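A.B. asks: This one is structure.tsv, TSV, C-alpha atoms.
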chain	number	residue	atom	x	y	z
A	1287	MET	CA	112.24	73.63	67.13
A	1288	ASP	CA	113.53	76.66	69.03
A	1289	PRO	CA	114.61	79.34	66.50
A	1290	ALA	CA	117.18	80.68	68.98
A	1291	LEU	CA	118.80	77.23	69.19
A	1292	ILE	CA	118.92	76.98	65.41
A	1293	ALA	CA	120.50	80.43	65.18
A	1294	LEU	CA	123.15	79.50	67.73
A	1295	PHE	CA	123.87	76.23	65.93
A	1296	VAL	CA	124.27	78.07	62.63
A	1297	GLY	CA	126.74	80.40	64.36
A	1298	ALA	CA	128.66	77.41	65.71
A	1299	ALA	CA	128.64	75.78	62.27
A	1300	LEU	CA	130.06	78.93	60.69
A	1301	ALA	CA	132.77	79.06	63.35
A	1302	SER	CA	133.54	75.39	62.61
A	1303	LEU	CA	133.73	76.14	58.90
A	1304	PHE	CA	136.16	78.98	59.56
A	1305	MET	CA	138.25	76.65	61.72
A	1306	ALA	CA	138.28	74.08	58.91
A	1307	TRP	CA	139.38	76.76	56.44
A	1308	VAL	CA	142.23	77.80	58.75
A	1309	ILE	CA	143.37	74.18	59.08
A	1310	GLY	CA	143.33	73.71	55.30
A	1311	ALA	CA	145.18	76.97	54.74
A	1312	GLY	CA	147.77	76.18	57.42
A	1313	SER	CA	150.30	73.41	57.89
A	1314	SER	CA	147.82	70.60	57.22
A	1315	GLY	CA	147.20	71.96	53.74
A	1316	ALA	CA	150.82	72.82	53.02
A	1317	THR	CA	153.06	70.12	54.41
A	1318	PRO	CA	151.91	66.97	52.53
A	1319	PHE	CA	153.01	68.15	49.07
A	1320	ALA	CA	155.68	70.68	50.05
A	1321	PRO	CA	158.42	68.01	49.61
A	1322	ALA	CA	157.17	67.21	46.11
A	1323	VAL	CA	157.09	70.91	45.18
A	1324	GLY	CA	160.58	71.38	46.63
A	1325	ALA	CA	161.83	68.45	44.55
A	1326	ASN	CA	160.20	69.93	41.41
A	1327	ALA	CA	157.92	66.88	41.09
A	1328	ILE	CA	154.73	68.97	40.95
A	1329	GLY	CA	153.70	72.61	40.66
A	1330	THR	CA	152.42	74.64	43.60
A	1331	MET	CA	148.85	75.16	42.38
A	1332	ARG	CA	148.43	71.52	41.37
A	1333	ALA	CA	149.78	70.50	44.78
A	1334	ALA	CA	147.20	72.73	46.50
A	1335	LEU	CA	144.47	71.17	44.36
A	1336	LEU	CA	145.50	67.61	45.23
A	1337	VAL	CA	146.02	68.24	48.95
A	1338	GLY	CA	142.52	69.71	49.10
A	1339	VAL	CA	140.96	66.74	47.33
A	1340	PHE	CA	142.79	64.09	49.36
A	1341	GLY	CA	142.24	66.01	52.60
A	1342	PHE	CA	138.50	66.15	51.83
A	1343	ALA	CA	138.44	62.40	51.18
A	1344	GLY	CA	140.33	61.68	54.40
A	1345	ALA	CA	137.98	63.85	56.44
A	1346	ILE	CA	134.97	61.83	55.30
A	1347	ALA	CA	136.62	58.39	55.39
A	1348	GLN	CA	138.56	58.67	58.66
A	1349	GLY	CA	137.46	61.78	60.52
A	1350	GLY	CA	134.85	60.23	62.83
A	1351	LYS	CA	137.03	58.85	65.62
A	1352	VAL	CA	139.07	61.98	66.32
A	1353	SER	CA	135.90	64.08	66.01
A	1354	GLU	CA	134.20	62.00	68.70
A	1355	ALA	CA	137.25	62.29	70.97
A	1356	VAL	CA	137.34	66.08	70.64
A	1357	GLY	CA	133.58	66.40	70.97
A	1358	SER	CA	132.93	64.22	74.00
A	1359	GLY	CA	136.12	62.52	75.16
A	1360	LEU	CA	138.07	65.39	76.73
A	1361	VAL	CA	135.78	66.47	79.57
A	1362	GLY	CA	133.48	64.24	81.62
A	1363	GLY	CA	130.13	64.91	83.21
A	1364	ILE	CA	128.87	67.64	80.89
A	1365	GLY	CA	128.29	68.51	77.27
A	1366	LEU	CA	129.44	71.87	75.98
A	1367	PRO	CA	126.58	74.32	75.37
A	1368	VAL	CA	126.29	75.98	71.99
A	1369	ALA	CA	127.91	79.17	73.27
A	1370	GLY	CA	130.81	77.11	74.64
A	1371	VAL	CA	131.27	75.41	71.27
A	1372	ILE	CA	131.38	78.79	69.52
A	1373	LEU	CA	133.93	80.03	72.06
A	1374	VAL	CA	136.16	76.98	71.49
A	1375	LEU	CA	136.07	77.27	67.70
A	1376	VAL	CA	136.50	81.05	67.50
A	1377	LEU	CA	139.37	80.97	69.99
A	1378	GLY	CA	141.13	78.07	68.27
A	1379	ALA	CA	140.68	79.51	64.79
A	1380	GLY	CA	141.74	82.96	65.97
A	1381	LEU	CA	144.99	81.67	67.44
A	1382	MET	CA	145.66	79.67	64.27
A	1383	ALA	CA	145.02	82.73	62.11
A	1384	VAL	CA	147.51	84.68	64.23
A	1385	GLY	CA	150.04	81.90	63.67
A	1386	ILE	CA	149.54	81.92	59.90
A	1387	THR	CA	149.82	85.72	59.77
A	1388	THR	CA	152.89	86.03	61.99
A	1389	GLY	CA	154.67	82.82	61.03
A	1390	ILE	CA	154.57	81.52	64.62
A	1391	PRO	CA	154.10	77.71	64.52
A	1392	ILE	CA	150.81	77.57	66.44
A	1393	ALA	CA	149.70	73.93	66.76
A	1394	THR	CA	146.05	73.32	65.84
A	1395	ALA	CA	145.61	70.24	68.01
A	1396	PHE	CA	147.12	71.98	71.02
A	1397	THR	CA	144.89	75.06	70.70
A	1398	VAL	CA	141.63	73.19	70.17
A	1399	THR	CA	142.35	70.59	72.86
A	1400	GLY	CA	143.31	73.30	75.33
A	1401	ALA	CA	140.19	75.33	74.50
A	1402	VAL	CA	137.81	72.37	74.87
A	1403	ILE	CA	139.32	71.34	78.20
A	1404	GLY	CA	139.40	74.94	79.45
A	1405	VAL	CA	135.74	75.61	78.65
A	1406	GLY	CA	134.62	72.22	79.91
A	1407	LEU	CA	136.38	72.50	83.27
A	1408	ALA	CA	135.23	76.08	83.76
A	1409	LEU	CA	131.62	74.90	83.32
A	1410	GLY	CA	131.97	72.20	85.96
A	1411	GLY	CA	133.17	69.23	83.93
A	1412	THR	CA	135.55	66.60	85.27
A	1413	PRO	CA	139.01	65.80	83.85
A	1414	VAL	CA	139.34	62.60	81.80
A	1415	TRP	CA	142.80	61.65	83.04
A	1416	ALA	CA	143.13	58.44	81.01
A	1417	LYS	CA	142.56	60.33	77.75
A	1418	TYR	CA	144.93	63.11	78.82
A	1419	GLN	CA	147.66	60.54	79.49
A	1420	GLN	CA	147.13	59.01	76.06
A	1421	ILE	CA	147.21	62.40	74.33
A	1422	GLY	CA	150.23	63.56	76.33
A	1423	ALA	CA	152.16	60.37	75.48
A	1424	VAL	CA	151.51	60.83	71.75
A	1425	TRP	CA	152.44	64.52	71.86
A	1426	LEU	CA	155.66	63.88	73.82
A	1427	LEU	CA	156.80	60.84	71.82
A	1428	THR	CA	156.00	62.20	68.34
A	1429	PRO	CA	159.18	64.33	67.98
A	1430	PHE	CA	161.43	61.49	69.10
A	1431	VAL	CA	159.72	58.67	67.20
A	1432	GLY	CA	159.02	60.65	64.03
A	1433	GLY	CA	162.39	62.37	64.02
A	1434	GLY	CA	164.18	59.11	64.82
A	1435	ILE	CA	162.50	57.18	62.00
A	1436	ALA	CA	163.19	59.99	59.55
A	1437	PHE	CA	166.83	60.11	60.67
A	1438	GLY	CA	167.21	56.36	60.16
A	1439	ILE	CA	165.63	56.35	56.71
A	1440	ALA	CA	167.55	59.41	55.53
A	1441	SER	CA	170.79	57.81	56.71
A	1442	VAL	CA	170.23	54.77	54.50
A	1443	LEU	CA	168.73	56.15	51.28
A	1444	PRO	CA	171.79	58.02	49.96
A	1445	ARG	CA	174.37	55.27	50.68
A	1446	PRO	CA	176.38	54.35	47.56
A	1447	GLY	CA	176.29	50.69	48.54
A	1448	VAL	CA	172.49	50.64	48.82
A	1449	PRO	CA	170.95	51.67	45.47
A	1450	GLU	CA	167.48	53.22	45.55
A	1451	ARG	CA	166.00	50.22	43.75
A	1452	TYR	CA	166.78	48.23	46.91
A	1453	SER	CA	166.19	50.80	49.66
A	1454	VAL	CA	163.00	52.56	48.52
A	1455	PRO	CA	160.78	49.52	47.69
A	1456	PRO	CA	160.82	48.15	51.28
A	1457	LEU	CA	159.66	51.56	52.53
A	1458	ALA	CA	156.86	51.56	49.98
A	1459	GLY	CA	155.98	48.01	51.00
A	1460	LEU	CA	155.76	49.09	54.65
A	1461	VAL	CA	153.38	51.90	53.71
A	1462	GLY	CA	151.31	49.45	51.66
A	1463	ALA	CA	151.12	47.02	54.59
A	1464	VAL	CA	149.87	49.78	56.87
A	1465	LEU	CA	147.40	51.04	54.28
A	1466	VAL	CA	145.56	47.71	53.93
A	1467	ASN	CA	145.10	47.68	57.72
A	1468	VAL	CA	143.83	51.26	57.99
A	1469	ARG	CA	140.16	51.68	58.89
A	1470	PHE	CA	137.80	53.46	56.48
A	1471	SER	CA	134.25	54.40	57.38
A	1472	PHE	CA	132.86	53.46	53.96
A	1473	LEU	CA	134.09	49.85	54.29
A	1474	GLY	CA	132.34	49.11	57.58
A	1475	ASP	CA	128.83	47.99	58.52
A	1476	GLY	CA	126.82	50.62	60.37
A	1477	PRO	CA	128.96	52.81	62.65
A	1478	GLU	CA	131.94	50.43	62.50
A	1479	SER	CA	134.87	51.11	60.16
A	1480	GLY	CA	136.34	48.44	57.91
A	1481	MET	CA	139.75	47.64	56.41
A	1482	LEU	CA	140.89	46.67	52.92
A	1483	ARG	CA	142.43	43.58	54.44
A	1484	GLY	CA	139.07	42.69	55.99
A	1485	VAL	CA	137.36	43.10	52.62
A	1486	ALA	CA	139.88	40.73	51.05
A	1487	GLN	CA	139.39	38.17	53.84
A	1488	HIS	CA	135.63	38.37	53.43
A	1489	ALA	CA	135.88	37.93	49.65
A	1490	LEU	CA	138.14	34.87	50.08
A	1491	GLY	CA	136.02	33.45	52.87
A	1492	VAL	CA	138.93	33.16	55.32
A	1493	ASP	CA	139.35	34.41	58.86
A	1494	GLY	CA	141.99	34.43	61.58
A	1495	LEU	CA	145.50	35.74	62.14
A	1496	ALA	CA	147.34	33.70	59.50
A	1497	PRO	CA	145.22	34.92	56.54
A	1498	ALA	CA	145.44	38.50	57.85
A	1499	VAL	CA	149.24	38.31	57.96
A	1500	ALA	CA	149.37	36.67	54.54
A	1501	ILE	CA	147.16	39.31	52.90
A	1502	THR	CA	149.16	42.11	54.53
A	1503	GLY	CA	152.41	40.54	53.32
A	1504	LEU	CA	151.10	40.12	49.79
A	1505	ALA	CA	149.98	43.74	49.69
A	1506	ALA	CA	153.41	44.90	50.88
A	1507	LEU	CA	155.13	42.69	48.31
A	1508	ALA	CA	152.92	43.93	45.48
A	1509	VAL	CA	153.57	47.60	46.30
A	1510	ALA	CA	157.30	47.01	46.74
A	1511	THR	CA	157.50	45.13	43.42
A	1512	VAL	CA	155.78	47.91	41.48
A	1513	VAL	CA	157.98	50.57	43.07
A	1514	ARG	CA	161.16	48.57	42.42
A	1515	TRP	CA	160.21	48.21	38.75
A	1516	ASP	CA	159.46	51.94	38.48
A	1517	VAL	CA	162.67	53.04	40.23
A	1518	SER	CA	164.79	50.58	38.23
A	1519	ARG	CA	163.28	51.82	34.97
A	1520	ASP	CA	163.81	55.52	35.74
A	1521	GLU	CA	165.39	56.31	39.10
A	1522	GLU	CA	164.56	60.00	39.39
A	1523	GLY	CA	161.12	59.56	37.84
A	1524	GLY	CA	160.37	56.63	40.15
A	1525	LEU	CA	161.39	58.62	43.22
A	1526	ARG	CA	159.10	61.47	42.14
A	1527	HIS	CA	156.22	59.01	41.79
A	1528	VAL	CA	156.87	57.68	45.30
A	1529	LEU	CA	157.03	61.22	46.61
A	1530	LEU	CA	153.70	62.14	45.02
A	1531	ALA	CA	152.05	58.96	46.32
A	1532	LEU	CA	153.32	59.63	49.84
A	1533	GLY	CA	152.16	63.24	49.63
A	1534	SER	CA	148.68	62.03	48.67
A	1535	LEU	CA	148.58	59.58	51.60
A	1536	VAL	CA	149.84	62.19	54.05
A	1537	ALA	CA	147.21	64.67	52.78
A	1538	PHE	CA	144.54	61.98	53.23
A	1539	SER	CA	145.79	61.28	56.76
A	1540	ALA	CA	145.83	65.00	57.53
A	1541	GLY	CA	142.18	65.24	56.56
A	1542	GLY	CA	141.28	62.28	58.76
A	1543	SER	CA	143.18	63.53	61.79
A	1544	GLN	CA	142.58	67.28	61.54
A	1545	VAL	CA	138.91	67.58	60.58
A	1546	GLY	CA	137.97	66.47	64.08
A	1547	LEU	CA	139.56	69.61	65.47
A	1548	ALA	CA	137.13	71.70	63.43
A	1549	VAL	CA	133.90	69.70	63.70
A	1550	GLY	CA	134.39	67.66	66.89
A	1551	PRO	CA	132.93	70.32	69.21
A	1552	LEU	CA	129.77	70.34	67.07
A	1553	LEU	CA	128.95	66.64	67.47
A	1554	PRO	CA	127.40	66.85	70.99
A	1555	LEU	CA	124.98	69.46	69.63
A	1556	LEU	CA	123.56	67.19	66.92
A	1557	ASP	CA	121.13	65.46	69.32
A	1558	GLU	CA	119.68	68.84	70.30
A	1559	VAL	CA	119.27	70.09	66.75
A	1560	GLY	CA	118.30	66.83	65.04
A	1561	MET	CA	118.07	66.13	61.28
A	1562	ILE	CA	121.85	66.51	60.84
A	1563	SER	CA	124.10	63.46	60.69
A	1564	THR	CA	127.73	63.10	61.71
A	1565	THR	CA	128.59	62.35	58.08
A	1566	ALA	CA	127.08	65.65	56.98
A	1567	VAL	CA	129.17	67.50	59.56
A	1568	LEU	CA	132.33	65.69	58.40
A	1569	VAL	CA	131.52	66.59	54.78
A	1570	GLY	CA	131.13	70.24	55.80
A	1571	GLY	CA	134.44	70.19	57.67
A	1572	GLY	CA	136.18	68.49	54.78
A	1573	PHE	CA	134.77	71.07	52.38
A	1574	GLY	CA	136.06	73.89	54.57
A	1575	MET	CA	139.53	72.30	54.60
A	1576	LEU	CA	139.39	71.84	50.82
A	1577	VAL	CA	138.58	75.52	50.26
A	1578	GLY	CA	141.31	76.50	52.71
A	1579	SER	CA	143.84	74.36	50.86
A	1580	TRP	CA	142.89	75.83	47.50
A	1581	THR	CA	142.80	79.47	48.59
A	1582	GLY	CA	145.28	79.76	51.45
A	1583	ALA	CA	147.79	76.93	51.22
A	1584	PRO	CA	149.75	77.82	48.03
A	1585	ARG	CA	151.75	80.57	49.73
A	1586	MET	CA	152.72	78.32	52.64
A	1587	ILE	CA	153.51	75.45	50.24
A	1588	LYS	CA	155.99	77.72	48.45
A	1589	SER	CA	157.55	78.73	51.74
A	1590	LEU	CA	157.90	75.17	53.04
A	1591	ALA	CA	159.09	73.91	49.67
A	1592	GLN	CA	162.20	76.08	50.03
A	1593	ASP	CA	163.06	74.16	53.20
A	1594	TYR	CA	162.51	70.85	51.44
A	1595	SER	CA	164.37	71.80	48.27
A	1596	SER	CA	167.72	71.40	50.01
A	1597	LEU	CA	166.76	67.88	51.08
A	1598	GLY	CA	165.78	66.54	47.68
A	1599	PRO	CA	163.37	63.68	46.94
A	1600	ARG	CA	165.21	61.03	49.00
A	1601	ARG	CA	165.23	62.98	52.25
A	1602	SER	CA	161.71	64.24	51.56
A	1603	ILE	CA	160.57	60.60	51.34
A	1604	SER	CA	162.33	60.08	54.68
A	1605	ALA	CA	160.21	62.83	56.22
A	1606	LEU	CA	156.87	61.74	54.74
A	1607	VAL	CA	156.99	58.04	55.68
A	1608	PRO	CA	156.99	58.63	59.47
A	1609	SER	CA	154.48	61.47	59.00
A	1610	PHE	CA	152.04	59.02	57.42
A	1611	LEU	CA	152.63	56.34	60.07
A	1612	ILE	CA	152.19	58.68	63.06
A	1613	ALA	CA	149.13	60.38	61.59
A	1614	GLN	CA	147.45	57.02	61.05
A	1615	LEU	CA	148.33	55.92	64.58
A	1616	ALA	CA	146.68	59.08	65.91
A	1617	VAL	CA	143.56	58.39	63.84
A	1618	LEU	CA	143.46	54.80	65.14
A	1619	LEU	CA	143.72	55.96	68.77
A	1620	GLY	CA	141.33	58.87	68.28
A	1621	VAL	CA	143.95	61.31	69.55
A	1622	PRO	CA	144.00	64.93	68.33
A	1623	VAL	CA	147.55	65.39	67.07
A	1624	SER	CA	149.40	68.37	65.65
A	1625	PHE	CA	150.38	67.88	62.02
A	1626	ASN	CA	152.82	70.74	62.45
A	1627	GLU	CA	154.58	68.76	65.17
A	1628	ILE	CA	154.62	65.54	63.13
A	1629	VAL	CA	156.11	67.01	59.98
A	1630	VAL	CA	158.53	69.46	61.59
A	1631	SER	CA	159.96	66.63	63.71
A	1632	ALA	CA	160.43	64.50	60.61
A	1633	ILE	CA	162.09	67.37	58.75
A	1634	ILE	CA	164.52	67.89	61.63
A	1635	GLY	CA	165.35	64.17	61.74
A	1636	SER	CA	165.99	63.88	58.01
A	1637	GLY	CA	167.92	67.15	57.99
A	1638	ALA	CA	170.16	65.97	60.82
A	1639	ALA	CA	170.96	62.85	58.81
A	1640	VAL	CA	172.03	65.05	55.90
A	1641	GLY	CA	174.17	67.63	57.67
A	1642	GLY	CA	174.72	66.35	61.19
A	1643	ARG	CA	174.49	68.72	64.14
A	1644	ASP	CA	175.32	71.71	61.99
A	1645	ALA	CA	172.03	71.21	60.14
A	1646	VAL	CA	170.00	71.47	63.35
A	1647	ASP	CA	169.20	74.98	64.58
A	1648	ALA	CA	168.82	74.45	68.34
A	1649	GLU	CA	167.46	77.95	68.92
A	1650	LYS	CA	164.79	77.55	66.25
A	1651	ILE	CA	163.81	74.15	67.65
A	1652	LEU	CA	163.43	75.56	71.14
A	1653	THR	CA	161.32	78.42	69.78
A	1654	THR	CA	159.09	75.97	67.90
A	1655	VAL	CA	158.66	73.69	70.92
A	1656	GLY	CA	157.89	76.72	73.05
A	1657	ALA	CA	155.23	77.80	70.55
A	1658	TRP	CA	153.66	74.32	70.68
A	1659	ALA	CA	153.52	74.30	74.48
A	1660	GLY	CA	152.39	77.91	74.54
A	1661	SER	CA	149.56	77.06	72.12
A	1662	PHE	CA	148.03	74.72	74.67
A	1663	VAL	CA	148.65	76.86	77.76
A	1664	ILE	CA	147.39	80.12	76.23
A	1665	SER	CA	144.36	78.46	74.66
A	1666	PHE	CA	143.44	76.70	77.92
A	1667	ALA	CA	143.86	79.85	80.02
A	1668	LEU	CA	141.88	82.10	77.66
A	1669	ALA	CA	139.10	79.53	77.24
A	1670	TYR	CA	138.80	78.88	80.98
A	1671	ALA	CA	138.74	82.59	81.82
A	1672	ALA	CA	136.24	83.47	79.10
A	1673	ALA	CA	133.93	80.58	79.99
A	1674	ALA	CA	134.07	81.39	83.71
A	1675	LEU	CA	133.25	85.05	83.07
A	1676	PHE	CA	130.66	84.93	80.30
A	1677	LEU	CA	129.04	81.46	80.20
Output the file's structure in the form of structure tokens.

C.D. replies:
Amino acid sequence: MDPALIALFVGAALASLFMAWVIGAGSSGATPFAPAVGANAIGTMRAALLVGVFGFAGAIAQGGKVSEAVGSGLVGGIGLPVAGVILVLVLGAGLMAVGITTGIPIATAFTVTGAVIGVGLALGGTPVWAKYQQIGAVWLLTPFVGGGIAFGIASVLPRPGVPERYSVPPLAGLVGAVLVNVRFSFLGDGPESGMLRGVAQHALGVDGLAPAVAITGLAALAVATVVRWDVSRDEEGGLRHVLLALGSLVAFSAGGSQVGLAVGPLLPLLDEVGMISTTAVLVGGGFGMLVGSWTGAPRMIKSLAQDYSSLGPRRSISALVPSFLIAQLAVLLGVPVSFNEIVVSAIIGSGAAVGGRDAVDAEKILTTVGAWAGSFVISFALAYAAAALFL
């Protein structure tokens, strides 16, 4: 094997590891448990520990589809050379590091997607318009769908006529229904992913739509029943438990959706190098995110927790439910999505339900949206120019 190729691959792997660390240290490592910290349900360091563990698990169990999309689904006709992969990862991680340092909400998915497309087109690749339309639709609809769902939930939870023992269990049941239909790599045969619902159907020896609906309904009912018992027994304690469970699921989803941004560009290189599996790359990316969460996320968790503390556990639940649903949809579609965009939109929606228009800072929202759009444009332009000049 060519030693120069190995050296370049090692350089790309290190750049990928740095990117994974930045993702873990940034919003993906901070947002899942920030509501629980803000509601005093868990300490900051324990939250950083858990978000790292669940993010690592999600990266391995669900990271394959988004990784493939980032690695080979954004530009047609060519595969990125090793130098192009290094350029994408260094540029994306560099912009993210600037965002973490300055407090500017740089979106990871926007920077990496823009960099991959920029390098690929500069090297003669062709646009994959169908994938761009899918990604653009998810990016554009996320603020409205996520914010709208959060607004609706936050409007119902605090009503005096709707006690939490009646309003929270259906939300938990919905999450449970989605969870049994989520695909996990370790449940599938070969390269195919499997679902908990599919495992249950196989164990019972039943197939078809009716058994699938029945199993999903039973799972939702079981989760809702347990949550109703817990909330009825101790309302505040039960809400904290729901908040911690949702934080764990959101952290898991973050790992599954974000690891592809760090390791996806490496996947096309595996055939050239050999002896390295996709699973090994996902484990490496998950490990980088875990270390980032443990070493870099606590400060951001504290900062975000201050925003959540004014919402309390009920509104924090309102923000995390749509965050989980949208993140899982992105994983299902194989679309690189910004966790920053998902969670900020949900926070705005739940905050608007609490304080109306006065709770929404229009100027700050416009600045944030501008930073998201600028993340893609700047990343694309820099990547295209650098690739055209040096590669």

A.B. asks: Interatomic distance between atom CA of Gly1362 of chain A and atom CA of Gly1410 of chain A?

C.D. replies: 9.2 Å

A.B. asks: Give me, please, the distance in Å between atom CA of Gly1574 of chain A and atom CA of Ile1390 of chain A, quoted to one decimal.

C.D. replies: 22.4 Å

A.B. asks: At most 12 Å is the cut-off: for each residue in segment 1434-1527 of chain A with any atom that close to an atom of segment 1334-1345 of chain A, write down the nearest atom pair and the distance in Å rounded to one decimal, counting only C-alpha atoms, chain first then increasing number, as CSV.

C.D. replies:
residue,atom,partner,partner_atom,distance
A:Val1468,CA,A:Gly1344,CA,11.6
A:Arg1469,CA,A:Gly1344,CA,11.0
A:Phe1470,CA,A:Gly1344,CA,8.8
A:Ser1471,CA,A:Gly1344,CA,9.9
A:Phe1472,CA,A:Ala1343,CA,10.9

A.B. asks: Considering all atoms listed in the file, state which residue in the set A:Val1629, A:Ala1673, A:Val1663, A:Ala1393 is at the smallest distance from Val1607 of chain A.

C.D. replies: A:Val1629

A.B. asks: Residues near Gln1614 of chain A, anyone? I mean within 9 Å using all atoms listed in the file, not counting same-chain ones fewer than 6 positions away, as a list in words.

C.D. replies: Val1464, Val1468, Ser1539, Ala1540, Gly1542 and Ser1543 of chain A

A.B. asks: Report, in Å with one decimal, the straight-line distance from atom CA of Thr1330 of chain A to atom CA of Arg1585 of chain A.

C.D. replies: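 Rounded to one decimal, the two atoms are 8.6 Å apart.
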
A.B. asks: For a quick check of understanding, using only C-alpha atoms, which of A:Ala1463, A:Ala1395, A:Leu1377, A:Val1361 has the smallest distance to Lys1417 of chain A?

C.D. replies: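 Of A:Ala1463, A:Ala1395, A:Leu1377, A:Val1361, the one nearest Lys1417 of chain A, counting only C-alpha atoms, is A:Val1361.
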